[in-house]
>>> print(open('data-v2.cif').read())   # mmCIF, C-alpha atoms
data_work
#
loop_
_atom_site.group_PDB
_atom_site.id
_atom_site.type_symbol
_atom_site.label_atom_id
_atom_site.label_comp_id
_atom_site.auth_asym_id
_atom_site.auth_seq_id
_atom_site.Cartn_x
_atom_site.Cartn_y
_atom_site.Cartn_z
ATOM 1 C CA MET D 1 3.693 -5.722 30.201
ATOM 2 C CA LYS D 2 5.656 -8.291 28.193
ATOM 3 C CA ILE D 3 4.814 -8.648 24.513
ATOM 4 C CA GLN D 4 5.939 -10.784 21.592
ATOM 5 C CA ALA D 5 7.388 -8.586 18.844
ATOM 6 C CA ILE D 6 9.827 -8.769 15.961
ATOM 7 C CA ARG D 7 13.247 -7.202 15.477
ATOM 8 C CA LEU D 8 15.565 -6.888 12.474
ATOM 9 C CA PRO D 9 19.189 -7.155 13.606
ATOM 10 C CA GLU D 10 20.432 -6.991 10.017
ATOM 11 C CA ALA D 11 19.254 -7.269 6.426
ATOM 12 C CA LYS D 12 17.277 -10.421 5.564
ATOM 13 C CA ARG D 13 17.188 -11.569 9.166
ATOM 14 C CA VAL D 14 14.135 -11.233 11.368
ATOM 15 C CA GLU D 15 13.635 -12.604 14.859
ATOM 16 C CA LEU D 16 10.844 -12.902 17.393
ATOM 17 C CA ILE D 17 11.690 -11.284 20.741
ATOM 18 C CA GLU D 18 10.086 -10.603 24.085
ATOM 19 C CA ALA D 19 9.873 -6.866 24.733
ATOM 20 C CA ASP D 20 8.591 -4.562 27.454
ATOM 21 C CA LEU D 21 5.616 -2.401 26.538
ATOM 22 C CA PRO D 22 4.531 0.261 29.054
ATOM 23 C CA GLY D 23 0.885 0.995 29.711
ATOM 24 C CA PRO D 24 -0.726 3.884 27.856
ATOM 25 C CA THR D 25 0.151 7.366 29.037
ATOM 26 C CA GLU D 26 -1.825 10.521 28.259
ATOM 27 C CA GLY D 27 -3.274 10.427 24.738
ATOM 28 C CA GLN D 28 -2.230 6.829 24.113
ATOM 29 C CA VAL D 29 -4.232 3.692 23.302
ATOM 30 C CA LEU D 30 -3.199 0.070 23.915
ATOM 31 C CA VAL D 31 -4.412 -2.315 21.210
ATOM 32 C CA LYS D 32 -4.451 -6.110 21.148
ATOM 33 C CA THR D 33 -3.336 -6.926 17.612
ATOM 34 C CA TYR D 34 -5.718 -9.017 15.556
ATOM 35 C CA GLN D 35 -3.755 -8.904 12.300
ATOM 36 C CA SER D 36 -0.821 -7.136 10.699
ATOM 37 C CA SER D 37 0.516 -7.271 7.149
ATOM 38 C CA ILE D 38 3.790 -6.790 5.339
ATOM 39 C CA CYS D 39 4.035 -3.614 3.290
ATOM 40 C CA GLY D 40 6.386 -3.074 0.360
ATOM 41 C CA THR D 41 8.278 -0.648 2.593
ATOM 42 C CA ASP D 42 8.689 -3.369 5.245
ATOM 43 C CA ARG D 43 10.024 -5.662 2.545
ATOM 44 C CA ASN D 44 12.533 -3.042 1.394
ATOM 45 C CA ILE D 45 13.743 -2.544 4.971
ATOM 46 C CA TYR D 46 14.028 -6.314 5.406
ATOM 47 C CA ASN D 47 16.214 -6.381 2.269
ATOM 48 C CA GLY D 48 18.431 -3.569 3.578
ATOM 49 C CA ILE D 49 16.959 -0.746 1.492
ATOM 50 C CA LEU D 50 16.546 1.779 4.300
ATOM 51 C CA PRO D 51 14.933 5.225 4.375
ATOM 52 C CA PRO D 52 17.286 8.097 5.296
ATOM 53 C CA GLY D 53 18.226 8.027 8.988
ATOM 54 C CA LEU D 54 17.229 4.402 9.636
ATOM 55 C CA LYS D 55 19.937 1.928 10.686
ATOM 56 C CA PHE D 56 20.132 -1.680 11.825
ATOM 57 C CA PRO D 57 19.266 -3.094 14.283
ATOM 58 C CA ILE D 58 15.623 -2.088 13.842
ATOM 59 C CA PRO D 59 13.350 -2.726 16.844
ATOM 60 C CA ILE D 60 9.626 -3.486 16.711
ATOM 61 C CA LEU D 61 8.589 -2.959 13.106
ATOM 62 C CA GLY D 62 5.179 -2.679 11.432
ATOM 63 C CA HIS D 63 2.606 -0.042 10.561
ATOM 64 C CA GLU D 64 -0.196 -1.939 8.805
ATOM 65 C CA GLY D 65 -2.540 -3.690 11.202
ATOM 66 C CA GLY D 66 -5.498 -3.484 13.494
ATOM 67 C CA GLY D 67 -7.151 -4.951 16.525
ATOM 68 C CA THR D 68 -9.206 -4.233 19.631
ATOM 69 C CA VAL D 69 -8.641 -1.507 22.224
ATOM 70 C CA VAL D 70 -7.800 -3.004 25.634
ATOM 71 C CA GLU D 71 -6.795 0.140 27.558
ATOM 72 C CA VAL D 72 -6.810 3.914 27.054
ATOM 73 C CA GLY D 73 -4.701 6.629 28.638
ATOM 74 C CA LYS D 74 -5.831 9.862 30.207
ATOM 75 C CA GLY D 75 -7.464 12.319 27.836
ATOM 76 C CA VAL D 76 -8.370 9.790 25.123
ATOM 77 C CA ARG D 77 -11.812 10.746 23.781
ATOM 78 C CA LYS D 78 -12.316 8.898 20.491
ATOM 79 C CA TYR D 79 -11.849 5.327 21.746
ATOM 80 C CA LYS D 80 -12.913 3.069 24.566
ATOM 81 C CA VAL D 81 -12.137 -0.507 25.582
ATOM 82 C CA GLY D 82 -13.575 -2.939 23.022
ATOM 83 C CA ASP D 83 -13.442 -0.596 20.024
ATOM 84 C CA ARG D 84 -12.025 -1.999 16.772
ATOM 85 C CA VAL D 85 -9.261 0.166 15.311
ATOM 86 C CA MET D 86 -6.704 0.245 12.486
ATOM 87 C CA SER D 87 -3.163 1.567 12.679
ATOM 88 C CA CYS D 88 -2.378 4.656 10.607
ATOM 89 C CA LYS D 89 1.276 5.228 11.563
ATOM 90 C CA LYS D 90 4.430 3.341 12.558
ATOM 91 C CA ASN D 91 2.990 1.746 15.664
ATOM 92 C CA GLY D 92 4.986 -1.492 15.815
ATOM 93 C CA THR D 93 2.124 -3.701 14.692
ATOM 94 C CA PHE D 94 4.294 -6.809 14.226
ATOM 95 C CA ALA D 95 3.539 -7.694 17.849
ATOM 96 C CA ASP D 96 0.709 -9.206 19.864
ATOM 97 C CA TYR D 97 -0.021 -5.756 21.369
ATOM 98 C CA PHE D 98 0.866 -2.277 20.161
ATOM 99 C CA LEU D 99 0.701 1.201 21.645
ATOM 100 C CA SER D 100 -0.450 4.193 19.620
ATOM 101 C CA LEU D 101 -1.271 7.846 19.967
ATOM 102 C CA GLU D 102 -5.004 8.354 19.678
ATOM 103 C CA GLU D 103 -4.550 10.451 16.516
ATOM 104 C CA ASN D 104 -2.636 7.637 14.802
ATOM 105 C CA LEU D 105 -5.593 5.238 14.826
ATOM 106 C CA HIS D 106 -8.839 5.115 12.902
ATOM 107 C CA PRO D 107 -12.027 3.226 13.816
ATOM 108 C CA VAL D 108 -12.843 0.182 11.715
ATOM 109 C CA PRO D 109 -16.209 0.869 10.037
ATOM 110 C CA GLN D 110 -18.945 -1.336 11.467
ATOM 111 C CA GLU D 111 -19.584 -2.776 7.998
ATOM 112 C CA MET D 112 -16.024 -4.160 7.714
ATOM 113 C CA ASP D 113 -14.821 -7.387 9.283
ATOM 114 C CA LEU D 114 -11.594 -7.137 11.257
ATOM 115 C CA GLU D 115 -9.518 -8.896 8.592
ATOM 116 C CA LEU D 116 -10.382 -6.227 6.034
ATOM 117 C CA GLY D 117 -10.377 -3.491 8.671
ATOM 118 C CA SER D 118 -6.827 -4.382 9.711
ATOM 119 C CA LEU D 119 -5.826 -3.632 6.109
ATOM 120 C CA GLY D 120 -7.529 -0.255 6.328
ATOM 121 C CA GLU D 121 -4.403 1.882 6.034
ATOM 122 C CA PRO D 122 -3.059 0.366 2.783
ATOM 123 C CA LEU D 123 -6.592 0.064 1.372
ATOM 124 C CA ALA D 124 -7.286 3.740 2.086
ATOM 125 C CA CYS D 125 -3.930 4.779 0.618
ATOM 126 C CA VAL D 126 -4.673 3.057 -2.680
ATOM 127 C CA MET D 127 -8.228 4.387 -2.875
ATOM 128 C CA TYR D 128 -6.975 7.932 -2.254
ATOM 129 C CA SER D 129 -4.680 7.488 -5.251
ATOM 130 C CA ILE D 130 -7.596 6.202 -7.339
ATOM 131 C CA PHE D 131 -9.859 9.073 -6.256
ATOM 132 C CA ASN D 132 -7.184 11.697 -6.999
ATOM 133 C CA SER D 133 -5.732 10.198 -10.176
ATOM 134 C CA GLY D 134 -7.887 12.234 -12.537
ATOM 135 C CA VAL D 135 -9.280 9.136 -14.306
ATOM 136 C CA GLN D 136 -12.357 10.123 -16.310
ATOM 137 C CA LEU D 137 -15.058 8.306 -18.290
ATOM 138 C CA GLY D 138 -13.614 6.853 -21.470
ATOM 139 C CA ASP D 139 -9.943 7.189 -20.495
ATOM 140 C CA THR D 140 -7.209 4.727 -21.343
ATOM 141 C CA VAL D 141 -5.206 3.981 -18.192
ATOM 142 C CA ALA D 142 -1.993 2.083 -17.475
ATOM 143 C CA VAL D 143 -0.930 0.678 -14.122
ATOM 144 C CA VAL D 144 2.830 0.083 -13.875
ATOM 145 C CA GLY D 145 3.522 -2.433 -11.105
ATOM 146 C CA LEU D 146 0.909 -5.062 -10.254
ATOM 147 C CA GLY D 147 1.484 -5.637 -6.564
ATOM 148 C CA PHE D 148 -1.176 -5.017 -3.910
ATOM 149 C CA ALA D 149 -1.707 -1.372 -4.885
ATOM 150 C CA GLY D 150 -1.557 -2.008 -8.614
ATOM 151 C CA GLN D 151 -4.173 -4.786 -8.528
ATOM 152 C CA LEU D 152 -6.553 -2.482 -6.661
ATOM 153 C CA MET D 153 -5.821 0.362 -9.097
ATOM 154 C CA ILE D 154 -6.761 -1.871 -12.047
ATOM 155 C CA GLN D 155 -10.178 -2.385 -10.476
ATOM 156 C CA GLY D 156 -10.601 1.214 -9.316
ATOM 157 C CA ALA D 157 -9.777 2.707 -12.703
ATOM 158 C CA LYS D 158 -12.459 0.505 -14.272
ATOM 159 C CA LYS D 159 -14.997 1.568 -11.648
ATOM 160 C CA LYS D 160 -14.191 5.223 -12.359
ATOM 161 C CA GLY D 161 -15.125 4.740 -16.002
ATOM 162 C CA ALA D 162 -11.887 4.011 -17.837
ATOM 163 C CA GLU D 163 -12.657 2.394 -21.186
ATOM 164 C CA ARG D 164 -9.406 0.433 -21.252
ATOM 165 C CA VAL D 165 -6.965 -0.420 -18.466
ATOM 166 C CA PHE D 166 -3.517 -1.868 -19.149
ATOM 167 C CA GLY D 167 -1.409 -3.668 -16.544
ATOM 168 C CA VAL D 168 2.389 -3.671 -16.755
ATOM 169 C CA ASP D 169 4.532 -6.076 -14.727
ATOM 170 C CA PRO D 170 7.426 -8.456 -15.436
ATOM 171 C CA LEU D 171 5.775 -11.370 -13.580
ATOM 172 C CA ALA D 172 3.337 -13.578 -15.465
ATOM 173 C CA GLY D 173 1.396 -14.527 -12.336
ATOM 174 C CA LYS D 174 0.671 -10.915 -11.496
ATOM 175 C CA ARG D 175 -0.298 -10.152 -15.082
ATOM 176 C CA ASP D 176 -2.688 -13.120 -15.102
ATOM 177 C CA LEU D 177 -4.279 -11.972 -11.841
ATOM 178 C CA ALA D 178 -4.707 -8.447 -13.212
ATOM 179 C CA LYS D 179 -6.582 -9.869 -16.211
ATOM 180 C CA LYS D 180 -8.903 -11.777 -13.885
ATOM 181 C CA LEU D 181 -9.543 -8.563 -11.949
ATOM 182 C CA GLY D 182 -10.433 -6.517 -15.021
ATOM 183 C CA ALA D 183 -7.332 -5.481 -16.997
ATOM 184 C CA ASP D 184 -8.063 -5.322 -20.729
ATOM 185 C CA ARG D 185 -4.449 -5.959 -21.771
ATOM 186 C CA VAL D 186 -1.305 -6.805 -19.836
ATOM 187 C CA PHE D 187 2.297 -6.249 -20.853
ATOM 188 C CA ASP D 188 5.700 -7.513 -19.792
ATOM 189 C CA PRO D 189 8.086 -4.510 -19.719
ATOM 190 C CA GLY D 190 11.017 -6.871 -20.279
ATOM 191 C CA VAL D 191 9.727 -7.927 -23.698
ATOM 192 C CA ALA D 192 11.047 -6.041 -26.705
ATOM 193 C CA ASP D 193 8.505 -3.680 -28.247
ATOM 194 C CA SER D 194 6.156 -3.821 -25.234
ATOM 195 C CA GLU D 195 6.139 -0.014 -25.049
ATOM 196 C CA LYS D 196 5.436 0.186 -28.778
ATOM 197 C CA ALA D 197 2.539 -2.225 -28.284
ATOM 198 C CA ILE D 198 1.070 0.011 -25.572
ATOM 199 C CA LEU D 199 1.433 3.095 -27.747
ATOM 200 C CA ASP D 200 -0.051 1.249 -30.738
ATOM 201 C CA GLU D 201 -3.153 0.595 -28.605
ATOM 202 C CA THR D 202 -3.606 4.387 -28.439
ATOM 203 C CA ARG D 203 -2.710 5.140 -32.093
ATOM 204 C CA GLY D 204 0.659 6.430 -30.914
ATOM 205 C CA ILE D 205 -0.810 9.100 -28.661
ATOM 206 C CA GLY D 206 -0.173 7.492 -25.275
ATOM 207 C CA VAL D 207 -2.451 6.700 -22.372
ATOM 208 C CA ASP D 208 -4.427 9.356 -20.512
ATOM 209 C CA VAL D 209 -3.377 8.358 -16.974
ATOM 210 C CA VAL D 210 -0.543 6.232 -15.631
ATOM 211 C CA PHE D 211 -0.417 4.930 -12.065
ATOM 212 C CA GLU D 212 3.225 4.380 -11.044
ATOM 213 C CA ALA D 213 3.086 1.595 -8.447
ATOM 214 C CA ALA D 214 6.439 -0.146 -8.812
ATOM 215 C CA GLY D 215 8.820 2.429 -7.376
ATOM 216 C CA THR D 216 11.911 1.957 -9.533
ATOM 217 C CA GLU D 217 13.833 4.172 -11.926
ATOM 218 C CA ASP D 218 12.851 1.959 -14.862
ATOM 219 C CA SER D 219 9.159 1.922 -13.957
ATOM 220 C CA MET D 220 8.987 5.696 -13.498
ATOM 221 C CA ASN D 221 10.661 6.369 -16.841
ATOM 222 C CA LEU D 222 8.457 3.782 -18.557
ATOM 223 C CA ALA D 223 5.393 5.499 -17.097
ATOM 224 C CA THR D 224 6.650 8.810 -18.501
ATOM 225 C CA ARG D 225 7.245 7.395 -21.984
ATOM 226 C CA ILE D 226 3.802 5.826 -22.441
ATOM 227 C CA LEU D 227 1.854 8.879 -21.232
ATOM 228 C CA ARG D 228 0.212 11.215 -23.741
ATOM 229 C CA LYS D 229 0.931 14.922 -23.935
ATOM 230 C CA ASN D 230 -0.824 16.700 -21.037
ATOM 231 C CA GLY D 231 -1.573 13.300 -19.495
ATOM 232 C CA THR D 232 -1.531 12.573 -15.763
ATOM 233 C CA LEU D 233 1.194 10.667 -13.938
ATOM 234 C CA ALA D 234 -0.183 9.495 -10.591
ATOM 235 C CA LEU D 235 2.823 8.801 -8.355
ATOM 236 C CA TYR D 236 2.099 6.300 -5.609
ATOM 237 C CA SER D 237 5.274 4.403 -4.717
ATOM 238 C CA TRP D 238 7.741 5.447 -2.051
ATOM 239 C CA VAL D 239 11.013 5.539 -3.983
ATOM 240 C CA MET D 240 13.730 5.039 -1.373
ATOM 241 C CA GLU D 241 16.826 5.274 -3.590
ATOM 242 C CA PRO D 242 18.026 8.049 -5.943
ATOM 243 C CA VAL D 243 16.712 7.784 -9.504
ATOM 244 C CA ARG D 244 17.421 9.515 -12.821
ATOM 245 C CA LEU D 245 14.225 10.698 -14.517
ATOM 246 C CA ASN D 246 13.383 12.260 -17.867
ATOM 247 C CA ILE D 247 12.071 15.459 -16.311
ATOM 248 C CA SER D 248 12.499 17.215 -19.664
ATOM 249 C CA ARG D 249 9.484 15.329 -20.995
ATOM 250 C CA TRP D 250 7.451 16.327 -17.937
ATOM 251 C CA HIS D 251 8.163 19.951 -18.873
ATOM 252 C CA ASP D 252 8.057 19.803 -22.677
ATOM 253 C CA ASP D 253 4.778 17.869 -22.903
ATOM 254 C CA GLY D 254 3.024 19.524 -19.974
ATOM 255 C CA LEU D 255 2.561 16.350 -17.956
ATOM 256 C CA ASN D 256 0.334 16.608 -14.911
ATOM 257 C CA ILE D 257 2.311 15.119 -12.004
ATOM 258 C CA ARG D 258 0.286 14.133 -8.942
ATOM 259 C CA THR D 259 1.610 12.658 -5.720
ATOM 260 C CA THR D 260 -1.275 10.593 -4.433
ATOM 261 C CA CYS D 261 -0.568 9.439 -0.885
ATOM 262 C CA VAL D 262 -3.178 10.124 1.797
ATOM 263 C CA MET D 263 -0.627 9.547 4.573
ATOM 264 C CA HIS D 264 1.130 12.748 3.498
ATOM 265 C CA VAL D 265 -1.871 15.063 3.786
ATOM 266 C CA ASN D 266 -1.329 17.954 6.142
ATOM 267 C CA THR D 267 -2.814 16.798 9.452
ATOM 268 C CA PRO D 268 -4.217 13.668 11.119
ATOM 269 C CA TYR D 269 -7.596 15.432 11.125
ATOM 270 C CA GLU D 270 -7.601 15.765 7.346
ATOM 271 C CA ARG D 271 -6.657 12.080 7.065
ATOM 272 C CA PHE D 272 -9.444 11.229 9.505
ATOM 273 C CA ALA D 273 -11.954 13.082 7.314
ATOM 274 C CA TRP D 274 -10.859 11.129 4.230
ATOM 275 C CA PHE D 275 -10.719 7.592 5.559
ATOM 276 C CA ASP D 276 -14.393 6.620 5.842
ATOM 277 C CA ARG D 277 -15.019 7.768 2.282
ATOM 278 C CA LEU D 278 -11.948 5.880 1.037
ATOM 279 C CA LEU D 279 -12.892 2.618 2.766
ATOM 280 C CA ALA D 280 -16.515 2.541 1.599
ATOM 281 C CA PRO D 281 -15.836 0.981 -1.844
ATOM 282 C CA TYR D 282 -14.254 -2.013 -0.099
ATOM 283 C CA TRP D 283 -16.969 -2.819 2.419
ATOM 284 C CA LYS D 284 -19.565 -2.246 -0.296
ATOM 285 C CA GLY D 285 -17.921 -5.054 -2.280
ATOM 286 C CA MET D 286 -16.971 -2.888 -5.270
ATOM 287 C CA ILE D 287 -13.288 -3.887 -5.135
ATOM 288 C CA GLN D 288 -11.942 -7.426 -4.638
ATOM 289 C CA VAL D 289 -9.269 -7.761 -1.946
ATOM 290 C CA LYS D 290 -9.353 -11.466 -0.952
ATOM 291 C CA PRO D 291 -7.558 -12.728 -4.108
ATOM 292 C CA LEU D 292 -4.544 -10.606 -3.131
ATOM 293 C CA LEU D 293 -3.990 -12.105 0.331
ATOM 294 C CA THR D 294 -1.567 -14.821 1.443
ATOM 295 C CA GLY D 295 -1.527 -16.433 4.891
ATOM 296 C CA PRO D 296 -2.076 -15.709 7.648
ATOM 297 C CA TYR D 297 1.199 -16.698 9.299
ATOM 298 C CA SER D 298 1.640 -16.623 13.078
ATOM 299 C CA LEU D 299 4.187 -14.385 14.783
ATOM 300 C CA LYS D 300 6.257 -17.516 15.437
ATOM 301 C CA GLU D 301 6.401 -17.981 11.660
ATOM 302 C CA ILE D 302 7.595 -14.413 11.037
ATOM 303 C CA ALA D 303 10.791 -15.461 9.250
ATOM 304 C CA ARG D 304 8.765 -17.622 6.866
ATOM 305 C CA ALA D 305 6.265 -14.779 6.392
ATOM 306 C CA PHE D 306 9.017 -12.394 5.291
ATOM 307 C CA GLU D 307 10.552 -15.030 3.037
ATOM 308 C CA THR D 308 7.138 -15.434 1.407
ATOM 309 C CA ALA D 309 6.669 -11.672 1.090
ATOM 310 C CA ASN D 310 10.097 -11.477 -0.534
ATOM 311 C CA ARG D 311 9.040 -13.826 -3.328
ATOM 312 C CA PRO D 312 8.361 -11.841 -6.488
ATOM 313 C CA ASP D 313 4.929 -13.467 -6.915
ATOM 314 C CA ALA D 314 3.702 -12.540 -3.389
ATOM 315 C CA ILE D 315 1.222 -9.686 -3.077
ATOM 316 C CA LYS D 316 0.024 -9.134 0.521
ATOM 317 C CA VAL D 317 1.168 -11.412 3.342
ATOM 318 C CA LEU D 318 -0.869 -11.487 6.559
ATOM 319 C CA ILE D 319 0.353 -12.163 10.116
ATOM 320 C CA ARG D 320 -2.162 -13.203 12.743
ATOM 321 C CA ASP D 321 -2.095 -14.977 16.119
#
>>> encode(input="data-v2.cif", output="structure tokens")
Amino acid sequence: MKIQAIRLPEAKRVELIEADLPGPTEGQVLVKTYQSSICGTDRNIYNGILPPGLKFPIPILGHEGGGTVVEVGKGVRKYKVGDRVMSCKKNGTFADYFLSLEENLHPVPQEMDLELGSLGEPLACVMYSIFNSGVQLGDTVAVVGLGFAGQLMIQGAKKKGAERVFGVDPLAGKRDLAKKLGADRVFDPGVADSEKAILDETRGIGVDVVFEAAGTEDSMNLATRILRKNGTLALYSWVMEPVRLNISRWHDDGLNIRTTCVMHVNTPYERFAWFDRLLAPYWKGMIQVKPLLTGPYSLKEIARAFETANRPDAIKVLIRD
């Protein structure tokens, strides 16, 4: 069949193309896309920051998204035509249809609408980080980087019982949003003495848990400096370029380093077991997602969608036809 999809011939250039998509073979599922969204990784690729082994031109991009099953291949047992599903791998979701292995999908819970369900993969990833961050009742927590993940972490840390939650981001708009969503204090890392101000809030001891959600050398070293001895550094971001880190402090002060990404658990079956639990706080209304969304743009507006996502004040840009 012919589909509408996107292609990146070079950095900062995206185009809509017509592509051939074969029908599902054994173990595959064909999905009519309801909605996709632009991840921070997609934005990095758009800007020419590529993971090892990836080169331009880049065909059919996209991994966040969801829709309705329209056809299943031989041997597919979990899904049937009409089921609502979310993508959990690089399935080329920036298209009007996408093809996926059965194991790389997850059913949208019946309590979730398809807009929220199509965001299931990034929502589950962030909640996994919140669940496994070690935040305890009465903790002081900092979130470094107030994009989509960071705004959810602000809320999740509060729900887990943190007494105080600090947001750290250079953009005023994102800091203001974090305050509306529950941050007790927000800080601009570019302002002199901002780190001292954070440490002063903890009588010089440092915070109990830091979520690193910005993915830069500066943000990772800042997170290390404001963390107390034996505190927990919850690493979330995919850092795609080499960085220099103060590992000595990790060792000398016994920091607890946790990589908190559900997509890197051992098997699809383990991920499958986690997802329903991770998505429940969203459909129960415990965490606000709507204030973080921009759009939707149509596939025909894909260039504009990426330009919007590339703005520093953008959080999560939706694409829907």
>>> resolve_selection(input="data-v2.cif", expression="the PyMOL selection byres ((chain D and resi 128-139) around 9)", output="count of residues only")
35
>>> resolve_selection(input="data-v2.cif", expression="the PyMOL selection byres ((chain D and resi 113) around 12)", output="list in words")
Tyr34, Gln35, Gly66, Gly67, Arg84, Val85, Met86, Pro107, Val108, Pro109, Gln110, Glu111, Met112, Leu114, Glu115, Leu116, Gly117, Ser118, Leu119, Gly120, Tyr282, Trp283 and Lys284 of chain D
>>> closest_residue(input="data-v2.cif", among="D:Ala223, D:Val243, D:Ile49, D:Ala149", to="D:Ile257", atoms="only C-alpha atoms")
D:Ala223
>>> closest_residue(input="data-v2.cif", among="D:Ala192, D:Gln151, D:Glu103, D:Ile58", to="D:Lys180", atoms="only C-alpha atoms")
D:Gln151
>>> atom_distance(input="data-v2.cif", atom1="atom CA of D:Lys229", atom2="atom CA of D:Ser194")
19.5 Å
>>> resolve_selection(input="data-v2.cif", expression="the PyMOL selection byres ((chain D and resi 104) around 6)", output="number ranges by chain")
D: 88-89, 101-103, 105
>>> write_last_selection(input="data-v2.cif", atoms="C-alpha atoms", output="PDB file, in the frame of the given file")
ATOM      1  CA  CYS D  88      -2.378   4.656  10.607  1.00  0.00           C
ATOM      2  CA  LYS D  89       1.276   5.228  11.563  1.00  0.00           C
ATOM      3  CA  LEU D 101      -1.271   7.846  19.967  1.00  0.00           C
ATOM      4  CA  GLU D 102      -5.004   8.354  19.678  1.00  0.00           C
ATOM      5  CA  GLU D 103      -4.550  10.451  16.516  1.00  0.00           C
ATOM      6  CA  LEU D 105      -5.593   5.238  14.826  1.00  0.00           C
TER       7      LEU D 105
END
>>> atom_distance(input="data-v2.cif", atom1="atom CA of D:Thr224", atom2="atom CA of D:Leu50")
25.8 Å
>>> atom_distance(input="data-v2.cif", atom1="atom CA of D:Ser100", atom2="atom CA of D:Leu8")
20.7 Å
>>> closest_residue(input="data-v2.cif", among="D:Ala11, D:Val69, D:Leu292, D:Val76", to="D:Gln28", atoms="all atoms listed in the file")
D:Val76
>>> axis_aligned_box(input="data-v2.cif", around="stretch 184-193 of chain D", padding_each_side="5 Å", output="AutoDock Vina command-line options")
--center_x 1.5 --center_y -5.8 --center_z -24.0 --size_x 29.1 --size_y 14.2 --size_z 18.5
>>> decode(input="data-v2.cif", residues="stretch 9-46 of chain D", atoms="C-alpha atoms", output="compact mmCIF listing (two decimals), in the first residue's frame")
# COMPACT_ATOMS: atom_id res chain seq x y z
CA PRO D 9 17.43 14.12 3.79
CA GLU D 10 19.73 16.27 5.91
CA ALA D 11 19.87 18.18 9.19
CA LYS D 12 17.04 20.67 9.79
CA ARG D 13 15.19 19.59 6.68
CA VAL D 14 12.14 17.35 6.76
CA GLU D 15 9.88 16.40 3.88
CA LEU D 16 6.63 14.55 3.35
CA ILE D 17 6.95 11.63 0.92
CA GLU D 18 4.85 8.85 -0.53
CA ALA D 19 6.28 5.46 0.43
CA ASP D 20 5.44 1.81 -0.13
CA LEU D 21 4.41 -0.16 2.94
CA PRO D 22 3.98 -3.93 2.56
CA GLY D 23 1.17 -5.79 4.29
CA PRO D 24 1.92 -7.47 7.60
CA THR D 25 3.91 -10.68 7.47
CA GLU D 26 4.12 -13.26 10.26
CA GLY D 27 4.11 -11.61 13.69
CA GLN D 28 3.42 -8.14 12.32
CA VAL D 29 0.56 -5.69 12.90
CA LEU D 30 -0.58 -2.88 10.58
CA VAL D 31 -1.80 0.21 12.45
CA LYS D 32 -3.65 3.26 11.16
CA THR D 33 -1.95 6.13 12.96
CA TYR D 34 -4.18 8.33 15.07
CA GLN D 35 -1.43 10.52 16.53
CA SER D 36 2.33 10.72 16.80
CA SER D 37 4.55 13.11 18.74
CA ILE D 38 8.04 14.54 18.53
CA CYS D 39 10.48 13.19 21.09
CA GLY D 40 13.63 14.96 22.25
CA THR D 41 15.57 12.27 20.40
CA ASP D 42 13.67 13.08 17.18
CA ARG D 43 14.55 16.73 17.70
CA ASN D 44 18.24 15.90 18.16
CA ILE D 45 18.23 13.84 14.96
CA TYR D 46 16.48 16.67 13.13
